[in-house]
$ cat run02.pdb   # PDB, C-alpha atoms
ATOM      1  CA  GLN I 256     -16.554  33.806 -35.838
ATOM      2  CA  ARG I 257     -14.435  34.419 -38.889
ATOM      3  CA  GLU I 258     -11.163  32.602 -38.157
ATOM      4  CA  GLN I 259     -12.089  29.623 -36.004
ATOM      5  CA  TYR I 260     -15.165  28.088 -34.483
ATOM      6  CA  GLY I 261     -14.621  27.451 -30.822
ATOM      7  CA  VAL I 262     -16.065  26.395 -27.523
ATOM      8  CA  ALA I 263     -16.071  28.026 -24.092
ATOM      9  CA  LEU I 264     -15.720  25.836 -21.013
ATOM     10  CA  MET I 265     -16.060  26.759 -17.348
ATOM     11  CA  ASP I 266     -16.569  25.011 -14.038
ATOM     12  CA  LYS I 267     -19.673  25.379 -11.891
ATOM     13  CA  GLN I 268     -17.961  27.780  -9.504
ATOM     14  CA  LEU I 269     -16.822  30.021 -12.393
ATOM     15  CA  ARG I 270     -13.243  29.767 -11.130
ATOM     16  CA  ARG I 271     -11.806  28.281 -14.286
ATOM     17  CA  PHE I 272     -12.640  29.465 -17.756
ATOM     18  CA  GLY I 273     -11.165  28.535 -21.119
ATOM     19  CA  LEU I 274     -11.613  29.229 -24.832
ATOM     20  CA  TYR I 275     -10.696  26.563 -27.352
ATOM     21  CA  ALA I 276     -10.377  26.744 -31.127
ATOM     22  CA  CYS I 277     -11.990  23.823 -32.960
ATOM     23  CA  HIS I 278      -9.610  23.371 -35.877
ATOM     24  CA  GLN I 279     -10.831  19.922 -36.974
ATOM     25  CA  GLY I 280      -9.002  18.683 -39.999
ATOM     26  CA  VAL I 281      -7.115  21.902 -40.767
ATOM     27  CA  VAL I 282      -3.674  21.426 -42.278
ATOM     28  CA  ALA I 283      -1.869  24.087 -40.279
ATOM     29  CA  ARG I 284       0.299  26.474 -42.301
ATOM     30  CA  LYS I 285       0.011  29.327 -39.819
ATOM     31  CA  PRO I 286      -0.600  29.774 -36.084
ATOM     32  CA  ILE I 287      -4.119  28.714 -35.095
ATOM     33  CA  VAL I 288      -5.877  31.108 -32.730
ATOM     34  CA  THR I 289      -9.406  31.739 -31.570
ATOM     35  CA  ASP I 290     -11.471  34.488 -33.147
ATOM     36  CA  TRP I 291     -13.625  36.956 -31.199
ATOM     37  CA  ALA I 292     -15.578  35.654 -28.235
ATOM     38  CA  PHE I 293     -18.157  37.139 -25.886
ATOM     39  CA  CYS I 294     -18.575  36.120 -22.257
ATOM     40  CA  GLN I 295     -21.298  37.515 -20.017
ATOM     41  CA  ILE I 296     -21.552  36.338 -16.401
ATOM     42  CA  VAL I 297     -24.733  37.377 -14.621
ATOM     43  CA  ASP I 298     -25.351  37.126 -10.893
ATOM     44  CA  SER I 299     -27.680  34.235 -10.107
ATOM     45  CA  HIS I 300     -30.000  36.576  -8.198
ATOM     46  CA  CYS I 301     -30.126  39.141 -10.968
ATOM     47  CA  TYR I 302     -33.178  39.267 -13.252
ATOM     48  CA  ASP I 303     -32.614  41.149 -16.475
ATOM     49  CA  GLU I 304     -35.309  41.075 -19.136
ATOM     50  CA  GLU I 305     -32.844  42.345 -21.728
ATOM     51  CA  ALA I 306     -29.805  40.191 -20.957
ATOM     52  CA  MET I 307     -29.103  39.586 -24.654
ATOM     53  CA  VAL I 308     -28.914  43.289 -25.451
ATOM     54  CA  TYR I 309     -25.328  43.445 -24.169
ATOM     55  CA  TYR I 310     -24.315  40.603 -26.476
ATOM     56  CA  VAL I 311     -26.111  42.151 -29.433
ATOM     57  CA  HIS I 312     -24.443  45.556 -29.057
ATOM     58  CA  ALA I 313     -20.959  44.193 -28.353
ATOM     59  CA  VAL I 314     -20.958  41.664 -31.192
ATOM     60  CA  GLY I 315     -22.666  44.056 -33.600
ATOM     61  CA  ASP I 316     -20.099  46.783 -32.955
ATOM     62  CA  HIS I 317     -17.169  44.369 -33.263
ATOM     63  CA  ASN I 318     -18.415  43.010 -36.610
ATOM     64  CA  ASP I 319     -19.642  46.309 -38.109
ATOM     65  CA  ALA I 320     -23.245  45.112 -38.267
ATOM     66  CA  ARG I 321     -25.599  47.471 -40.056
ATOM     67  CA  PRO I 322     -28.592  48.919 -38.142
ATOM     68  CA  LEU I 323     -32.103  48.293 -39.446
ATOM     69  CA  GLU I 324     -32.516  51.791 -40.820
ATOM     70  CA  LYS I 325     -35.565  50.901 -42.919
ATOM     71  CA  GLY I 326     -37.432  49.039 -40.187
ATOM     72  CA  LEU I 327     -38.405  45.411 -39.900
ATOM     73  CA  THR I 328     -39.024  43.222 -42.912
ATOM     74  CA  THR I 329     -42.158  41.114 -42.459
ATOM     75  CA  GLY I 330     -44.337  39.278 -44.896
ATOM     76  CA  TRP I 331     -45.717  36.114 -46.478
ATOM     77  CA  CYS I 332     -43.679  33.066 -47.506
ATOM     78  CA  SER I 333     -45.035  30.394 -49.855
ATOM     79  CA  TRP I 334     -43.442  27.443 -48.012
ATOM     80  CA  TYR I 335     -45.799  27.023 -45.082
ATOM     81  CA  HIS I 336     -48.870  26.499 -47.216
ATOM     82  CA  TYR I 337     -47.616  25.163 -50.531
ATOM     83  CA  TYR I 338     -44.231  23.693 -49.580
ATOM     84  CA  ALA I 339     -42.579  22.869 -52.952
ATOM     85  CA  ASP I 340     -45.856  22.664 -54.887
ATOM     86  CA  ILE I 341     -45.849  26.202 -56.272
ATOM     87  CA  SER I 342     -46.481  27.653 -59.709
ATOM     88  CA  HIS I 343     -46.492  31.018 -61.451
ATOM     89  CA  ASP I 344     -50.286  31.164 -61.259
ATOM     90  CA  SER I 345     -50.571  30.274 -57.548
ATOM     91  CA  LEU I 346     -47.895  32.807 -56.597
ATOM     92  CA  ALA I 347     -49.395  35.591 -58.715
ATOM     93  CA  LYS I 348     -52.833  34.873 -57.245
ATOM     94  CA  ASN I 349     -51.516  35.052 -53.687
ATOM     95  CA  ALA I 350     -49.680  38.304 -54.387
ATOM     96  CA  HIS I 351     -52.949  39.811 -55.601
ATOM     97  CA  ILE I 352     -54.851  38.645 -52.500
ATOM     98  CA  LEU I 353     -52.076  39.788 -50.166
ATOM     99  CA  SER I 354     -52.054  43.264 -51.668
ATOM    100  CA  LYS I 355     -55.641  43.726 -50.483
ATOM    101  CA  SER I 356     -54.703  42.817 -46.898
ATOM    102  CA  ARG I 357     -51.567  44.929 -46.499
ATOM    103  CA  SER I 358     -53.269  47.827 -44.730
ATOM    104  CA  SER I 359     -54.992  45.619 -42.147
ATOM    105  CA  ILE I 360     -52.195  43.087 -41.504
ATOM    106  CA  GLY I 361     -49.140  45.276 -42.021
ATOM    107  CA  PHE I 362     -46.459  43.472 -43.999
ATOM    108  CA  ASN I 363     -44.157  44.431 -46.844
ATOM    109  CA  VAL I 364     -42.704  41.242 -48.374
ATOM    110  CA  CYS I 365     -44.016  38.423 -50.573
ATOM    111  CA  LEU I 366     -41.402  35.651 -50.748
ATOM    112  CA  ILE I 367     -41.182  32.773 -53.238
ATOM    113  CA  ASP I 368     -39.765  29.784 -51.404
ATOM    114  CA  ASP I 369     -38.402  26.419 -52.590
ATOM    115  CA  GLY I 370     -40.122  24.653 -55.482
ATOM    116  CA  TYR I 371     -39.626  26.817 -58.552
ATOM    117  CA  MET I 372     -36.517  24.979 -59.825
ATOM    118  CA  THR I 373     -36.160  21.355 -60.976
ATOM    119  CA  SER I 374     -33.088  20.725 -58.771
ATOM    120  CA  TRP I 375     -31.127  22.554 -56.100
ATOM    121  CA  GLY I 376     -28.031  23.947 -57.730
ATOM    122  CA  ASP I 377     -29.705  24.340 -61.126
ATOM    123  CA  TRP I 378     -31.304  27.632 -60.156
ATOM    124  CA  THR I 379     -32.350  28.682 -63.644
ATOM    125  CA  SER I 380     -34.072  25.347 -64.390
ATOM    126  CA  LEU I 381     -37.646  26.506 -63.793
ATOM    127  CA  LYS I 382     -40.212  23.725 -63.568
ATOM    128  CA  PRO I 383     -41.749  23.213 -67.028
ATOM    129  CA  GLY I 384     -45.456  23.810 -67.247
ATOM    130  CA  LYS I 385     -45.536  25.678 -63.926
ATOM    131  CA  PHE I 386     -43.368  28.718 -64.618
ATOM    132  CA  VAL I 387     -42.769  30.985 -67.587
ATOM    133  CA  LYS I 388     -39.588  29.638 -69.191
ATOM    134  CA  ASP I 389     -37.991  32.912 -70.308
ATOM    135  CA  GLY I 390     -37.932  35.706 -67.761
ATOM    136  CA  GLY I 391     -40.434  33.983 -65.476
ATOM    137  CA  MET I 392     -38.829  34.996 -62.204
ATOM    138  CA  ARG I 393     -38.546  38.621 -63.312
ATOM    139  CA  VAL I 394     -42.223  38.614 -64.246
ATOM    140  CA  LEU I 395     -43.170  37.384 -60.770
ATOM    141  CA  ALA I 396     -40.865  39.855 -59.010
ATOM    142  CA  ASP I 397     -42.325  42.741 -61.011
ATOM    143  CA  ALA I 398     -45.870  41.557 -60.288
ATOM    144  CA  ILE I 399     -45.201  41.481 -56.535
ATOM    145  CA  ARG I 400     -43.548  44.900 -56.608
ATOM    146  CA  SER I 401     -46.499  46.345 -58.533
ATOM    147  CA  LYS I 402     -48.714  45.320 -55.593
ATOM    148  CA  GLY I 403     -46.668  47.491 -53.227
ATOM    149  CA  MET I 404     -44.560  44.688 -51.701
ATOM    150  CA  LYS I 405     -40.896  43.744 -51.824
ATOM    151  CA  PRO I 406     -40.324  40.569 -53.849
ATOM    152  CA  GLY I 407     -38.265  37.874 -52.130
ATOM    153  CA  VAL I 408     -36.874  34.528 -53.238
ATOM    154  CA  TRP I 409     -35.405  31.424 -51.581
ATOM    155  CA  LEU I 410     -32.031  29.986 -52.603
ATOM    156  CA  ALA I 411     -29.559  27.485 -51.175
ATOM    157  CA  PRO I 412     -26.419  28.792 -52.910
ATOM    158  CA  PHE I 413     -23.949  26.321 -51.363
ATOM    159  CA  ALA I 414     -26.121  23.229 -51.878
ATOM    160  CA  CYS I 415     -27.011  20.998 -54.812
ATOM    161  CA  ASP I 416     -29.094  17.883 -55.360
ATOM    162  CA  LYS I 417     -27.530  14.532 -56.180
ATOM    163  CA  GLY I 418     -29.196  14.440 -59.587
ATOM    164  CA  SER I 419     -28.554  18.067 -60.512
ATOM    165  CA  ASP I 420     -26.668  19.103 -63.630
ATOM    166  CA  LEU I 421     -24.277  20.998 -61.369
ATOM    167  CA  ALA I 422     -23.328  17.820 -59.453
ATOM    168  CA  ARG I 423     -22.715  15.923 -62.693
ATOM    169  CA  GLN I 424     -20.676  18.701 -64.290
ATOM    170  CA  HIS I 425     -18.624  19.740 -61.247
ATOM    171  CA  PRO I 426     -18.019  16.778 -58.901
ATOM    172  CA  ASP I 427     -14.822  18.487 -57.724
ATOM    173  CA  TRP I 428     -16.913  21.272 -56.147
ATOM    174  CA  ILE I 429     -18.499  18.877 -53.639
ATOM    175  CA  ILE I 430     -17.000  18.627 -50.140
ATOM    176  CA  ARG I 431     -15.739  15.175 -49.150
ATOM    177  CA  ASN I 432     -15.009  13.787 -45.716
ATOM    178  CA  ASP I 433     -11.683  12.436 -44.447
ATOM    179  CA  ALA I 434     -12.460   9.009 -45.940
ATOM    180  CA  GLY I 435     -12.959  10.490 -49.410
ATOM    181  CA  ARG I 436     -16.735  10.032 -49.410
ATOM    182  CA  ILE I 437     -19.146  12.891 -49.966
ATOM    183  CA  ALA I 438     -19.516  14.801 -46.691
ATOM    184  CA  ASN I 439     -22.685  14.463 -44.634
ATOM    185  CA  SER I 440     -24.933  17.487 -45.113
ATOM    186  CA  ALA I 441     -27.622  16.175 -42.711
ATOM    187  CA  ASN I 442     -31.140  15.345 -43.864
ATOM    188  CA  CYS I 443     -33.918  17.852 -44.472
ATOM    189  CA  GLY I 444     -36.189  15.177 -45.933
ATOM    190  CA  LYS I 445     -33.504  14.373 -48.496
ATOM    191  CA  PHE I 446     -29.723  14.214 -48.630
ATOM    192  CA  PHE I 447     -27.936  16.884 -50.648
ATOM    193  CA  TYR I 448     -24.364  17.922 -51.399
ATOM    194  CA  GLY I 449     -22.400  20.816 -49.912
ATOM    195  CA  LEU I 450     -20.335  23.061 -52.199
ATOM    196  CA  ASP I 451     -16.812  23.951 -51.075
ATOM    197  CA  ALA I 452     -16.515  27.681 -50.309
ATOM    198  CA  THR I 453     -12.700  27.438 -50.308
ATOM    199  CA  ASN I 454     -12.874  26.760 -54.065
ATOM    200  CA  PRO I 455     -12.762  29.974 -56.153
ATOM    201  CA  ALA I 456     -14.918  28.330 -58.849
ATOM    202  CA  VAL I 457     -17.645  27.620 -56.295
ATOM    203  CA  ARG I 458     -17.552  31.199 -55.057
ATOM    204  CA  LYS I 459     -17.860  32.397 -58.670
ATOM    205  CA  HIS I 460     -20.924  30.161 -59.087
ATOM    206  CA  VAL I 461     -22.461  31.553 -55.878
ATOM    207  CA  TYR I 462     -21.655  35.147 -56.841
ATOM    208  CA  ASP I 463     -23.335  34.686 -60.233
ATOM    209  CA  THR I 464     -26.361  32.987 -58.631
ATOM    210  CA  ILE I 465     -26.923  35.819 -56.134
ATOM    211  CA  ARG I 466     -26.203  38.519 -58.719
ATOM    212  CA  ARG I 467     -28.749  36.972 -61.079
ATOM    213  CA  ALA I 468     -31.435  36.864 -58.401
ATOM    214  CA  VAL I 469     -30.923  40.543 -57.570
ATOM    215  CA  ARG I 470     -30.003  42.147 -60.891
ATOM    216  CA  ASP I 471     -31.702  39.961 -63.520
ATOM    217  CA  TRP I 472     -34.678  38.596 -61.594
ATOM    218  CA  GLY I 473     -35.224  41.766 -59.549
ATOM    219  CA  PHE I 474     -35.603  40.435 -55.991
ATOM    220  CA  ASP I 475     -35.069  42.749 -53.017
ATOM    221  CA  VAL I 476     -35.093  40.060 -50.296
ATOM    222  CA  LEU I 477     -33.059  36.843 -50.341
ATOM    223  CA  LYS I 478     -33.783  33.926 -48.022
ATOM    224  CA  LEU I 479     -30.536  31.958 -48.203
ATOM    225  CA  ASP I 480     -30.825  28.468 -46.756
ATOM    226  CA  PHE I 481     -28.462  25.659 -45.713
ATOM    227  CA  LEU I 482     -25.510  28.036 -45.673
ATOM    228  CA  TYR I 483     -23.631  25.664 -43.368
ATOM    229  CA  ALA I 484     -23.210  23.386 -46.415
ATOM    230  CA  SER I 485     -20.305  25.614 -47.481
ATOM    231  CA  CYS I 486     -18.164  24.412 -44.578
ATOM    232  CA  LEU I 487     -19.043  20.776 -43.906
ATOM    233  CA  GLU I 488     -16.559  18.775 -41.863
ATOM    234  CA  GLY I 489     -13.927  16.989 -43.936
ATOM    235  CA  ASN I 490     -10.511  17.385 -45.501
ATOM    236  CA  GLY I 491     -11.799  16.789 -49.022
ATOM    237  CA  LYS I 492     -11.836  20.431 -50.024
ATOM    238  CA  TYR I 493      -9.936  22.750 -52.348
ATOM    239  CA  ASP I 494      -7.867  24.443 -49.638
ATOM    240  CA  PRO I 495      -7.203  22.139 -46.640
ATOM    241  CA  SER I 496      -5.362  24.915 -44.793
ATOM    242  CA  MET I 497      -8.567  26.901 -44.409
ATOM    243  CA  SER I 498     -10.732  26.407 -41.303
ATOM    244  CA  ARG I 499     -14.472  25.862 -41.515
ATOM    245  CA  ALA I 500     -15.050  29.334 -40.057
ATOM    246  CA  GLU I 501     -12.804  30.882 -42.704
ATOM    247  CA  ALA I 502     -14.705  29.010 -45.431
ATOM    248  CA  MET I 503     -18.035  30.246 -44.039
ATOM    249  CA  HIS I 504     -16.654  33.790 -43.864
ATOM    250  CA  LEU I 505     -15.531  33.647 -47.501
ATOM    251  CA  GLY I 506     -18.935  32.359 -48.538
ATOM    252  CA  LEU I 507     -20.841  35.079 -46.703
ATOM    253  CA  ARG I 508     -18.518  37.787 -47.981
ATOM    254  CA  THR I 509     -19.120  36.543 -51.528
ATOM    255  CA  ILE I 510     -22.883  36.613 -51.005
ATOM    256  CA  ARG I 511     -22.939  40.171 -49.680
ATOM    257  CA  ALA I 512     -20.636  41.419 -52.435
ATOM    258  CA  ALA I 513     -22.941  39.939 -55.067
ATOM    259  CA  ALA I 514     -26.188  41.094 -53.435
ATOM    260  CA  GLY I 515     -25.085  44.670 -52.782
ATOM    261  CA  CYS I 516     -25.818  46.758 -49.707
ATOM    262  CA  GLU I 517     -29.497  47.416 -50.473
ATOM    263  CA  THR I 518     -30.635  43.772 -50.585
ATOM    264  CA  PHE I 519     -32.140  42.353 -47.390
ATOM    265  CA  ILE I 520     -30.449  39.007 -46.668
ATOM    266  CA  ILE I 521     -32.060  36.425 -44.399
ATOM    267  CA  GLY I 522     -29.559  33.831 -43.221
ATOM    268  CA  CYS I 523     -30.903  30.298 -42.678
ATOM    269  CA  GLY I 524     -29.023  27.257 -41.444
ATOM    270  CA  CYS I 525     -26.074  29.533 -40.762
ATOM    271  CA  PRO I 526     -23.786  29.886 -37.716
ATOM    272  CA  ILE I 527     -25.041  33.023 -35.988
ATOM    273  CA  GLY I 528     -21.620  34.435 -35.125
ATOM    274  CA  SER I 529     -20.434  34.092 -38.725
ATOM    275  CA  ALA I 530     -23.453  35.918 -40.123
ATOM    276  CA  VAL I 531     -23.164  39.063 -37.991
ATOM    277  CA  GLY I 532     -22.192  41.900 -40.310
ATOM    278  CA  PHE I 533     -23.381  40.087 -43.447
ATOM    279  CA  ALA I 534     -26.998  39.014 -42.870
ATOM    280  CA  ASP I 535     -29.743  41.516 -42.083
ATOM    281  CA  GLY I 536     -31.946  38.930 -40.408
ATOM    282  CA  MET I 537     -31.535  35.347 -39.197
ATOM    283  CA  ARG I 538     -33.853  32.394 -39.020
ATOM    284  CA  VAL I 539     -32.843  30.806 -35.674
ATOM    285  CA  SER I 540     -35.413  28.051 -35.144
ATOM    286  CA  CYS I 541     -36.909  25.014 -36.829
ATOM    287  CA  ASP I 542     -39.678  25.482 -39.376
ATOM    288  CA  THR I 543     -42.933  26.268 -37.581
ATOM    289  CA  GLY I 544     -45.881  24.160 -38.610
ATOM    290  CA  PRO I 545     -49.516  25.272 -39.058
ATOM    291  CA  THR I 546     -50.663  23.683 -35.760
ATOM    292  CA  PHE I 547     -50.353  24.541 -32.074
ATOM    293  CA  VAL I 548     -50.407  20.952 -30.760
ATOM    294  CA  PRO I 549     -47.806  18.428 -31.990
ATOM    295  CA  GLU I 550     -48.814  15.085 -33.447
ATOM    296  CA  PHE I 551     -46.320  12.280 -32.928
ATOM    297  CA  PRO I 552     -45.154  10.777 -35.081
ATOM    298  CA  LEU I 553     -45.224  13.914 -37.215
ATOM    299  CA  PRO I 554     -47.546  13.417 -40.220
ATOM    300  CA  HIS I 555     -45.982  13.087 -43.674
ATOM    301  CA  TRP I 556     -47.503  16.362 -44.858
ATOM    302  CA  ASP I 557     -45.827  18.289 -42.061
ATOM    303  CA  ASN I 558     -42.425  18.244 -43.794
ATOM    304  CA  GLY I 559     -40.619  17.909 -40.458
ATOM    305  CA  THR I 560     -41.875  21.239 -39.118
ATOM    306  CA  LEU I 561     -42.668  21.816 -35.430
ATOM    307  CA  PRO I 562     -45.767  23.430 -33.928
ATOM    308  CA  ALA I 563     -46.037  27.202 -33.955
ATOM    309  CA  LEU I 564     -45.973  29.230 -30.731
ATOM    310  CA  LYS I 565     -49.419  30.007 -29.358
TER     311      LYS I 565
END
$ encode --input "run02.pdb" --output "structure tokens"
Amino acid sequence: QREQYGVALMDKQLRRFGLYACHQGVVARKPIVTDWAFCQIVDSHCYDEEAMVYYVHAVGDHNDARPLEKGLTTGWCSWYHYYADISHDSLAKNAHILSKSRSSIGFNVCLIDDGYMTSWGDWTSLKPGKFVKDGGMRVLADAIRSKGMKPGVWLAPFACDKGSDLARQHPDWIIRNDAGRIANSANCGKFFYGLDATNPAVRKHVYDTIRRAVRDWGFDVLKLDFLYASCLEGNGKYDPSMSRAEAMHLGLRTIRAAAGCETFIIGCGCPIGSAVGFADGMRVSCDTGPTFVPEFPLPHWDNGTLPALK
């Protein structure tokens, strides 16, 4: 969805069907219409193991999605073992160990997840004492590539922490709700701020952040998280005439333009319909924890993840 997010409603007998545009809070300066939609009605006695394939082809064709010409991207991510407690040494050590297992396991990516920066939003503020201050991310990317793997990195380009330098320097970039308070970005173990994708200055910040990760740091794979933060609900944004879907579309278009066509983009916390044609892969579930059986209440070390599939 690139113009409007919407909802489809139908009765149980499938006699009445309707599409509705959800234009919450938009100050209308033009006709408001729904964007593309896909409806697939399957006979109740029909069993189709590949029911989603029709959706995938139709939506992919409509949004000019790129085929996976270079095959699947699979690999190791630092989050599920280290969470945010990572360092240059631990990452370099893991890259070395992983390189010895590539032939038997079969993966091609080593991804540095959250934990290298001091605050979300301040992406160049590498943690002192744990990372090389000047050129540290490039050194890690080159080390991973030298082991025969694609280097990847995690970013949340439309998010920032409350105590970040970015939040202090640019309070006007932060989305606010209809009451003028900072918009709710949900809670991933902490509250954070969403950056307004309708603001050209925010898009410039995001473009520079992505460009730096690809060109200066040398990463081939980007795991981009909490992308929904670019279009939080609320009228406190730069352009109130723009819908949330339009804001998300602008944000994703900015990301792809900065990353270039060769970079593999993993969309996380992103509306699926919006990402088609921009993201190469999508994370569509909760984090998966290192256990098969859940423990309730979830232990503190689990970071809110859910059990893995067995």
$ residues_around --input "run02.pdb" --residues "Asp368 (chain I)" --least-positions-apart "3" --cutoff "8 Å" --atoms "all atoms listed in the file" --output "list in words"
Cys332, Ser333, Trp334, Tyr338, Ala339, Tyr371, Val408, Trp409 and Leu410 of chain I
$ resolve_selection --input "run02.pdb" --expression "the PyMOL selection byres ((chain I and resi 458) around 12)" --output "PyMOL selection string"
chain I and resi 412-413+428+450-457+459-466+485+493+502-513
$ atom_distance --input "run02.pdb" --atom1 "CA of Gly407 (chain I)" --atom2 "CA of Leu477 (chain I)"
5.6 Å
$ closest_residue --input "run02.pdb" --among "I:Lys492, I:Arg357, I:His317, I:Lys417" --to "Gly403 (chain I)" --atoms "all atoms listed in the file"
I:Arg357
$ closest_atom_pairs --input "run02.pdb" --of "region 320-385 of chain I" --to "region 514-517 of chain I" --cutoff "12 Å" --atoms "all atoms listed in the file" --output "tab-separated table"
residue	atom	partner	partner_atom	distance
I:Ala320	CA	I:Cys516	CA	11.8
I:Arg321	CA	I:Cys516	CA	9.7
I:Leu323	CA	I:Glu517	CA	11.4
I:Glu324	CA	I:Glu517	CA	11.0
I:Lys325	CA	I:Glu517	CA	10.3
$ residues_around --input "run02.pdb" --residues "Tyr310 (chain I)" --least-positions-apart "2" --cutoff "12 Å" --atoms "only C-alpha atoms" --output "list in words"
Ala292, Phe293, Cys294, Gln295, Ile296, Glu305, Ala306, Met307, Val308, His312, Ala313, Val314, Gly315, Asp316, His317, Asn318, Gly528 and Val531 of chain I
$ resolve_selection --input "run02.pdb" --expression "the PyMOL selection byres ((chain I and resi 487) around 9)" --output "list in words"
Ile430, Arg431, Asn432, Ala438, Asn439, Ser440, Gly449, Leu450, Asp451, Tyr483, Ala484, Ser485, Cys486, Glu488, Gly489 and Arg499 of chain I
$ atom_distance --input "run02.pdb" --atom1 "CA of Asp542 (chain I)" --atom2 "CA of Leu479 (chain I)"
14.3 Å
$ residues_around --input "run02.pdb" --residues "Phe362 (chain I)" --least-positions-apart "3" --cutoff "8 Å" --atoms "only C-alpha atoms" --output "PyMOL selection string"
chain I and resi 328-331+357
$ atom_distance --input "run02.pdb" --atom1 "CA of Asp397 (chain I)" --atom2 "CA of Cys365 (chain I)"
11.4 Å
$ resolve_selection --input "run02.pdb" --expression "the PyMOL selection byres ((chain I and resi 260-273) around 10)" --output "MDAnalysis selection string"
chainID I and resid 256:259 274:279 288:294 296 498:501 526 528:529
$ residues_near_point --input "run02.pdb" --point "(-30.2, 16.5, -51.4)" --cutoff "7 Å" --atoms "all atoms listed in the file" --output "list in words"
Cys415, Asp416, Lys417, Lys445, Phe446, Phe447 and Tyr448 of chain I
$ closest_residue --input "run02.pdb" --among "I:Ser354, I:Ser419, I:Ser342, I:Ser401" --to "Leu381 (chain I)" --atoms "all atoms listed in the file"
I:Ser342
$ closest_residue --input "run02.pdb" --among "I:Val469, I:Ile429, I:Leu346, I:Met404" --to "Ile520 (chain I)" --atoms "only C-alpha atoms"
I:Val469
$ build_atoms --input "run02.pdb" --residues "region 394-408 of chain I" --atoms "N, CA and C atoms" --output "PDB file, keeping the file's coordinate frame"
ATOM      1  N   VAL I 394     -40.804  38.292 -64.132  1.00  0.00           N
ATOM      2  CA  VAL I 394     -42.223  38.614 -64.246  1.00  0.00           C
ATOM      3  C   VAL I 394     -42.900  38.548 -62.882  1.00  0.00           C
ATOM      4  N   LEU I 395     -42.580  37.518 -62.098  1.00  0.00           N
ATOM      5  CA  LEU I 395     -43.170  37.384 -60.770  1.00  0.00           C
ATOM      6  C   LEU I 395     -42.702  38.496 -59.827  1.00  0.00           C
ATOM      7  N   ALA I 396     -41.400  38.794 -59.869  1.00  0.00           N
ATOM      8  CA  ALA I 396     -40.865  39.855 -59.010  1.00  0.00           C
ATOM      9  C   ALA I 396     -41.531  41.192 -59.328  1.00  0.00           C
ATOM     10  N   ASP I 397     -41.692  41.482 -60.613  1.00  0.00           N
ATOM     11  CA  ASP I 397     -42.325  42.741 -61.011  1.00  0.00           C
ATOM     12  C   ASP I 397     -43.792  42.777 -60.591  1.00  0.00           C
ATOM     13  N   ALA I 398     -44.459  41.622 -60.672  1.00  0.00           N
ATOM     14  CA  ALA I 398     -45.870  41.557 -60.288  1.00  0.00           C
ATOM     15  C   ALA I 398     -46.038  41.825 -58.791  1.00  0.00           C
ATOM     16  N   ILE I 399     -45.149  41.261 -57.984  1.00  0.00           N
ATOM     17  CA  ILE I 399     -45.201  41.481 -56.535  1.00  0.00           C
ATOM     18  C   ILE I 399     -44.915  42.939 -56.205  1.00  0.00           C
ATOM     19  N   ARG I 400     -43.911  43.503 -56.858  1.00  0.00           N
ATOM     20  CA  ARG I 400     -43.548  44.900 -56.608  1.00  0.00           C
ATOM     21  C   ARG I 400     -44.688  45.854 -57.007  1.00  0.00           C
ATOM     22  N   SER I 401     -45.387  45.500 -58.077  1.00  0.00           N
ATOM     23  CA  SER I 401     -46.499  46.345 -58.533  1.00  0.00           C
ATOM     24  C   SER I 401     -47.652  46.371 -57.539  1.00  0.00           C
ATOM     25  N   LYS I 402     -47.678  45.377 -56.631  1.00  0.00           N
ATOM     26  CA  LYS I 402     -48.714  45.320 -55.593  1.00  0.00           C
ATOM     27  C   LYS I 402     -48.278  46.044 -54.320  1.00  0.00           C
ATOM     28  N   GLY I 403     -47.128  46.721 -54.372  1.00  0.00           N
ATOM     29  CA  GLY I 403     -46.668  47.491 -53.227  1.00  0.00           C
ATOM     30  C   GLY I 403     -45.867  46.709 -52.211  1.00  0.00           C
ATOM     31  N   MET I 404     -45.350  45.521 -52.609  1.00  0.00           N
ATOM     32  CA  MET I 404     -44.560  44.688 -51.701  1.00  0.00           C
ATOM     33  C   MET I 404     -43.168  44.454 -52.271  1.00  0.00           C
ATOM     34  N   LYS I 405     -42.235  44.128 -51.383  1.00  0.00           N
ATOM     35  CA  LYS I 405     -40.896  43.744 -51.824  1.00  0.00           C
ATOM     36  C   LYS I 405     -40.904  42.280 -52.247  1.00  0.00           C
ATOM     37  N   PRO I 406     -40.392  41.970 -53.445  1.00  0.00           N
ATOM     38  CA  PRO I 406     -40.324  40.569 -53.849  1.00  0.00           C
ATOM     39  C   PRO I 406     -39.121  39.869 -53.219  1.00  0.00           C
ATOM     40  N   GLY I 407     -39.343  38.658 -52.720  1.00  0.00           N
ATOM     41  CA  GLY I 407     -38.265  37.874 -52.130  1.00  0.00           C
ATOM     42  C   GLY I 407     -38.204  36.490 -52.755  1.00  0.00           C
ATOM     43  N   VAL I 408     -37.036  35.863 -52.668  1.00  0.00           N
ATOM     44  CA  VAL I 408     -36.874  34.528 -53.238  1.00  0.00           C
ATOM     45  C   VAL I 408     -35.950  33.692 -52.354  1.00  0.00           C
TER      46      VAL I 408
END
